[in-house]
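A.B. asks: Structure supplied as query-v3.txt; contents: compact mmCIF, C-alpha atoms.
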# COMPACT_ATOMS: atom_id res chain seq x y z
CA MET A 1 102.28 116.66 22.79
CA LEU A 2 105.81 117.70 21.85
CA ARG A 3 108.42 116.26 24.14
CA GLY A 4 111.88 117.50 23.42
CA ARG A 5 115.13 116.87 25.12
CA ARG A 6 115.03 117.32 28.88
CA PRO A 7 116.48 120.76 29.72
CA ARG A 8 118.64 121.61 32.69
CA PRO A 9 116.83 124.22 34.81
CA ALA A 10 118.65 127.42 35.64
CA ARG A 11 120.45 126.78 38.91
CA ARG A 12 120.45 129.49 41.51
CA SER A 13 122.01 128.90 44.88
CA ILE A 14 120.00 130.54 47.64
CA SER A 15 121.27 130.68 51.19
CA ARG A 16 119.06 129.89 54.13
CA SER A 17 118.61 133.57 54.86
CA GLY A 18 117.85 134.44 51.25
CA ILE A 19 114.34 133.03 51.09
CA ALA A 20 111.45 133.10 53.51
CA PRO A 21 110.29 129.68 54.74
CA ALA A 22 106.86 128.59 53.58
CA ARG A 23 104.04 128.68 56.09
CA TRP A 24 103.58 125.55 58.13
CA TYR A 25 100.38 124.34 59.67
CA ILE A 26 98.96 121.36 61.49
CA SER A 27 95.44 120.72 60.29
CA ARG A 28 92.69 119.40 62.53
CA SER A 29 92.84 116.04 60.80
CA ALA A 30 96.62 115.95 61.21
CA ALA A 31 96.27 116.83 64.89
CA ARG A 32 93.76 114.02 65.34
CA SER A 33 96.11 111.66 63.49
CA SER A 34 98.98 112.74 65.72
CA ALA A 35 96.92 112.17 68.85
CA ALA A 36 95.84 108.77 67.61
CA PHE A 37 99.43 107.66 67.11
CA SER A 38 100.90 109.34 70.21
CA THR A 39 100.14 106.36 72.46
CA SER A 40 99.33 102.75 71.82
CA ARG A 41 96.69 100.76 73.64
CA LYS A 42 99.36 99.63 76.08
CA GLY A 43 100.50 103.19 76.70
CA ALA A 44 103.78 102.98 74.78
CA LEU A 45 104.94 106.23 73.22
CA MET A 46 104.59 106.44 69.45
CA ALA A 47 105.69 109.00 66.86
CA GLU A 48 104.05 112.42 66.87
CA LEU A 49 103.49 114.79 63.98
CA VAL A 50 105.68 117.90 64.32
CA ARG A 51 104.51 119.92 61.31
CA GLN A 52 102.76 119.47 58.00
CA GLN A 53 102.76 121.46 54.76
CA HIS A 54 100.84 121.22 51.50
CA LEU A 55 102.34 122.40 48.21
CA ASP A 56 101.82 122.12 44.47
CA ALA A 57 104.85 120.66 42.68
CA ASP A 58 105.47 121.50 39.03
CA VAL A 59 106.34 118.30 37.20
CA GLY A 60 108.27 118.52 33.94
CA TYR A 61 109.72 115.63 31.92
CA HIS A 62 108.31 113.27 34.59
CA GLY A 63 110.46 114.73 37.34
CA PHE A 64 110.64 116.90 40.45
CA GLY A 65 112.71 116.66 43.59
CA PHE A 66 113.83 117.89 46.99
CA GLN A 67 117.29 119.36 47.57
CA GLU A 68 119.18 121.13 50.34
CA SER A 69 118.08 124.77 50.50
CA ASP A 70 121.68 125.93 50.94
CA ASP A 71 122.90 123.93 47.96
CA GLY A 72 126.32 125.44 47.27
CA ASP A 73 128.14 122.26 48.31
CA ILE A 74 125.92 119.79 46.42
CA LEU A 75 128.24 117.85 44.10
CA ALA A 76 125.46 116.60 41.79
CA PRO A 77 122.67 119.22 41.81
CA PHE A 78 119.18 118.47 40.53
CA PRO A 79 118.56 117.23 37.83
CA ASP A 80 122.03 115.82 37.07
CA ASP A 81 121.89 112.03 36.54
CA PHE A 82 118.11 111.96 36.93
CA ALA A 83 117.02 108.33 36.40
CA ASP A 84 113.90 107.57 34.37
CA GLU A 85 111.49 104.98 35.77
CA VAL A 86 113.03 105.13 39.29
CA PHE A 87 110.25 106.26 41.64
CA LEU A 88 112.51 107.52 44.46
CA ASN A 89 116.22 108.04 43.88
CA ALA A 90 118.48 109.41 46.63
CA PHE A 91 121.67 111.41 46.12
CA PRO A 92 123.75 113.26 48.75
CA GLY A 93 121.60 116.22 49.79
CA ARG A 94 118.94 115.44 47.20
CA LEU A 95 115.86 113.26 46.53
CA ASP A 96 114.55 112.70 42.98
CA ILE A 97 110.96 111.63 42.31
CA TYR A 98 109.80 110.11 39.03
CA SER A 99 106.20 110.97 38.14
CA ALA A 100 103.89 108.94 35.90
CA GLY A 101 102.83 112.15 34.13
CA HIS A 102 105.06 114.07 31.74
CA THR A 103 103.93 117.64 32.46
CA HIS A 104 101.45 118.50 35.22
CA THR A 105 101.05 119.85 38.75
CA ALA A 106 101.21 117.27 41.52
CA SER A 107 99.59 117.69 44.93
CA VAL A 108 102.20 117.09 47.66
CA THR A 109 101.76 116.85 51.43
CA VAL A 110 104.99 116.94 53.44
CA ALA A 111 104.88 115.75 57.06
CA VAL A 112 107.74 115.93 59.58
CA TRP A 113 107.56 113.45 62.48
CA ASP A 114 109.61 113.04 65.64
CA GLY A 115 109.95 109.29 65.01
CA PRO A 116 108.94 106.60 62.50
CA PRO A 117 105.26 107.17 61.59
CA ALA A 118 102.87 104.27 61.33
CA ALA A 119 103.10 102.69 57.89
CA HIS A 120 100.03 102.99 55.68
CA ASP A 121 98.63 99.98 53.88
CA ARG A 122 100.54 99.76 50.60
CA VAL A 123 97.34 98.68 48.83
CA GLN A 124 96.05 102.27 48.91
CA TRP A 125 99.17 103.58 47.12
CA ASP A 126 100.34 103.11 43.53
CA GLU A 127 103.98 103.49 44.58
CA GLN A 128 105.80 103.69 47.90
CA ALA A 129 109.51 103.78 48.72
CA GLU A 130 111.90 104.84 51.50
CA ALA A 131 115.40 106.32 51.50
CA ASP A 132 117.96 107.96 53.78
CA TYR A 133 118.49 111.71 53.58
CA ASP A 134 121.36 113.67 55.17
CA SER A 135 120.55 117.35 55.65
CA ALA A 136 123.36 119.81 56.33
CA SER A 137 121.06 122.78 56.96
CA GLY A 138 117.74 121.36 58.17
CA GLU A 139 115.94 123.07 55.27
CA VAL A 140 114.93 121.52 51.95
CA ALA A 141 113.86 123.25 48.72
CA VAL A 142 111.53 121.90 46.03
CA TRP A 143 112.87 121.66 42.47
CA SER A 144 111.13 121.27 39.12
CA MET A 145 112.69 119.69 36.06
CA SER A 146 111.36 122.48 33.84
CA LEU A 147 111.11 125.54 36.12
CA GLY A 148 114.06 125.11 38.48
CA ARG A 149 113.84 125.97 42.16
CA ALA A 150 110.40 126.74 43.62
CA ASP A 151 109.69 129.23 46.39
CA GLU A 152 108.71 126.62 48.97
CA VAL A 153 111.18 125.73 51.73
CA ILE A 154 110.55 122.70 53.95
CA THR A 155 111.90 123.00 57.49
CA LEU A 156 112.99 119.68 58.94
CA ALA A 157 114.80 121.07 61.98
CA ASP A 158 116.77 124.09 63.21
CA SER A 159 120.04 122.44 62.16
CA GLY A 160 121.34 119.59 60.04
CA GLY A 161 120.88 115.92 60.78
CA LEU A 162 120.19 112.42 59.50
CA TRP A 163 116.69 111.63 58.27
CA ARG A 164 114.60 108.83 56.86
CA VAL A 165 111.97 109.63 54.24
CA ARG A 166 108.99 107.67 52.95
CA VAL A 167 107.32 108.76 49.71
CA SER A 168 103.87 107.41 48.79
CA CYS A 169 101.91 108.23 45.65
CA THR A 170 98.47 107.65 44.16
CA GLY A 171 96.74 108.77 40.95
CA ARG A 172 99.58 107.71 38.67
CA ALA A 173 97.42 106.02 36.03
CA VAL A 174 95.25 109.13 35.66
CA ALA A 175 98.31 111.39 35.45
CA ALA A 176 99.80 109.20 32.72
CA ARG A 177 96.54 109.15 30.75
CA LEU A 178 96.10 112.93 30.97
CA SER A 179 99.66 113.42 29.75
CA GLU A 180 98.87 111.36 26.67
CA GLU A 181 95.43 112.84 25.96
CA GLU A 182 95.42 116.45 27.17
CA GLY A 183 99.06 117.13 27.91
CA THR A 184 98.65 118.29 31.51
CA GLY A 185 96.67 117.96 34.74
CA HIS A 186 96.37 119.52 38.18
CA GLY A 187 96.32 117.62 41.46
CA VAL A 188 95.43 114.22 40.03
CA GLU A 189 98.71 112.68 41.17
CA LYS A 190 99.01 112.96 44.96
CA TYR A 191 102.09 112.45 47.13
CA LEU A 192 102.62 111.99 50.84
CA VAL A 193 106.25 112.68 51.84
CA GLN A 194 107.11 111.77 55.45
CA PHE A 195 110.41 112.73 57.13
CA TRP A 196 111.57 111.52 60.54
CA PRO A 197 114.95 111.53 62.36
CA ARG A 198 117.13 108.56 61.52
CA THR A 199 118.78 106.71 64.36
CA ALA A 200 122.12 104.96 63.92
Rewrite the structure of this file - the entire thing - as structure tokens.
C.D. replies:
Amino acid sequence: MLRGRRPRPARRSISRSGIAPARWYISRSAARSSAAFSTSRKGALMAELVRQQHLDADVGYHGFGFQESDDGDILAPFPDDFADEVFLNAFPGRLDIYSAGHTHTASVTVAVWDGPPAAHDRVQWDEQAEADYDSASGEVAVWSMSLGRADEVITLADSGGLWRVRVSCTGRAVAARLSEEEGTGHGVEKYLVQFWPRTA
């Protein structure tokens, strides 16, 4: 597979009102998960799932990311200073994700919680990392290294705020192998991206 120099995608700044938010849903399994974590055995309140969204992320040159939807004030827009081999890399108003596959479509589930969600066993994930994210607008867009901004908009809240994010990934070995053998793949690398409000 030919792998040339990583291009800079065409950057187009889109205001919050310039693009329709993607549809959100809470699946039955997510609702059951939320109910399971809403109270502990002792009755203490736990985090609840607010909304959940599934999307397909176009990965190019091993990268995709999340960036403020209203990105006019971003000093280093995606993919400036994208770091190879760094699974999760945080910039002001931006989160970069390094994929094991060169060119493929990753399956991504984004979940917004009202507090820290229960941590999954790291054994079931190939990679897992956390970072802080400051959102000025409360809306986040998905970016591809090769195609630029996608249509999906992730709603964190009605306004800006401070967030914590946990990114977990599985299927990385298969994605890497397909990149070497066939050049692409669809849905073999799976991500769970969890946002929750960050307290001081």
A.B. asks: Report, in Å to a single decimal, how far apart atom CA of His104 of chain A and atom CA of Tyr133 of chain A are.
C.D. replies: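 Interatomic distance, atom CA of Tyr133 of chain A to atom CA of His104 of chain A: 26.0 Å.
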A.B. asks: Rank A:Ser99, A:Gln67, A:Thr170, A:Asn89 by their smallest atom-to-atom distance to Asp134 of chain A, using only C-alpha atoms, and report the top residue only.
C.D. replies: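 Answer, going by the shortest atom-to-atom distance: A:Gln67.
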A.B. asks: Between atom CA of Ala111 of chain A and atom CA of Phe195 of chain A, what is the distance, to one decimal in Å?
C.D. replies: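 A separation of 6.3 Å between them.
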A.B. asks: Closest to Glu189 of chain A among A:Glu127, A:Asp121, A:Glu85, A:Glu68, using only C-alpha atoms?
C.D. replies: A:Glu127
A.B. asks: Env of Ala119 of chain A: 12 Å cut, atoms = only C-alpha atoms, seq-sep filter 4 positions within chain, self excluded. Answer as a PyMOL selection string.
C.D. replies: chain A and resi 37+47+115+123-125+128-130+165-168+192+194
A.B. asks: Give me, please, the distance in Å between atom CA of Leu156 of chain A and atom CA of Trp196 of chain A, quoted to one decimal.
C.D. replies: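 It comes out at 8.4 Å.
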A.B. asks: Hey, which of A:Ala157, A:Val50, A:Val59, A:Val140 ends up closest to Ala100 of chain A? Count only C-alpha atoms.
C.D. replies: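 Smallest distance to Ala100 of chain A is found for A:Val59.
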A.B. asks: Nearest to Gln52 of chain A among A:Ile154, A:Ala131, A:Ala175, A:Val110, with distances taken over all atoms listed in the file: which residue is it?
C.D. replies: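 When distances to Gln52 of chain A are compared using all atoms listed in the file, the smallest one comes from A:Val110.
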A.B. asks: Please determine, counting all atoms listed in the file, which residue among A:Ala176, A:Phe91, A:His102, A:Gly60 has the shortest atom-to-atom distance to Leu75 of chain A.
C.D. replies: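 Residue with the minimum atom-to-atom distance to Leu75 of chain A: A:Phe91.
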A.B. asks: Measuring atom to atom with only C-alpha atoms, identify which of A:Ala90, A:Ala141, A:Leu162, A:Ala83 is nearest to Asp70 of chain A.
C.D. replies: A:Ala141
A.B. asks: Can you pull out the residues contacting Leu55 of chain A? Cut-off 9 Å, using all atoms listed in the file, and skip same-chain residues under 2 positions away; I want them as an mmCIF file with C-alpha atoms, keeping the file's coordinate frame.
C.D. replies:
data_model
loop_
_atom_site.group_PDB
_atom_site.id
_atom_site.type_symbol
_atom_site.label_atom_id
_atom_site.label_comp_id
_atom_site.auth_asym_id
_atom_site.auth_seq_id
_atom_site.Cartn_x
_atom_site.Cartn_y
_atom_site.Cartn_z
ATOM 1 C CA GLN A 53 102.760 121.460 54.760
ATOM 2 C CA ALA A 57 104.850 120.660 42.680
ATOM 3 C CA ALA A 106 101.210 117.270 41.520
ATOM 4 C CA SER A 107 99.590 117.690 44.930
ATOM 5 C CA VAL A 108 102.200 117.090 47.660
ATOM 6 C CA THR A 109 101.760 116.850 51.430
ATOM 7 C CA VAL A 110 104.990 116.940 53.440
ATOM 8 C CA GLU A 152 108.710 126.620 48.970
#
A.B. asks: May I have the residues within 9 Å of Asp58 of chain A as a PDB file with C-alpha atoms, keeping the file's coordinate frame, using all atoms listed in the file and disregarding those fewer than 6 positions away in the same chain?
C.D. replies:
ATOM      1  CA  PHE A  64     110.640 116.900  40.450  1.00  0.00           C
ATOM      2  CA  THR A 103     103.930 117.640  32.460  1.00  0.00           C
ATOM      3  CA  HIS A 104     101.450 118.500  35.220  1.00  0.00           C
ATOM      4  CA  THR A 105     101.050 119.850  38.750  1.00  0.00           C
ATOM      5  CA  ALA A 106     101.210 117.270  41.520  1.00  0.00           C
ATOM      6  CA  TRP A 143     112.870 121.660  42.470  1.00  0.00           C
ATOM      7  CA  SER A 144     111.130 121.270  39.120  1.00  0.00           C
ATOM      8  CA  MET A 145     112.690 119.690  36.060  1.00  0.00           C
ATOM      9  CA  SER A 146     111.360 122.480  33.840  1.00  0.00           C
ATOM     10  CA  LEU A 147     111.110 125.540  36.120  1.00  0.00           C
ATOM     11  CA  ALA A 150     110.400 126.740  43.620  1.00  0.00           C
TER      12      ALA A 150
END
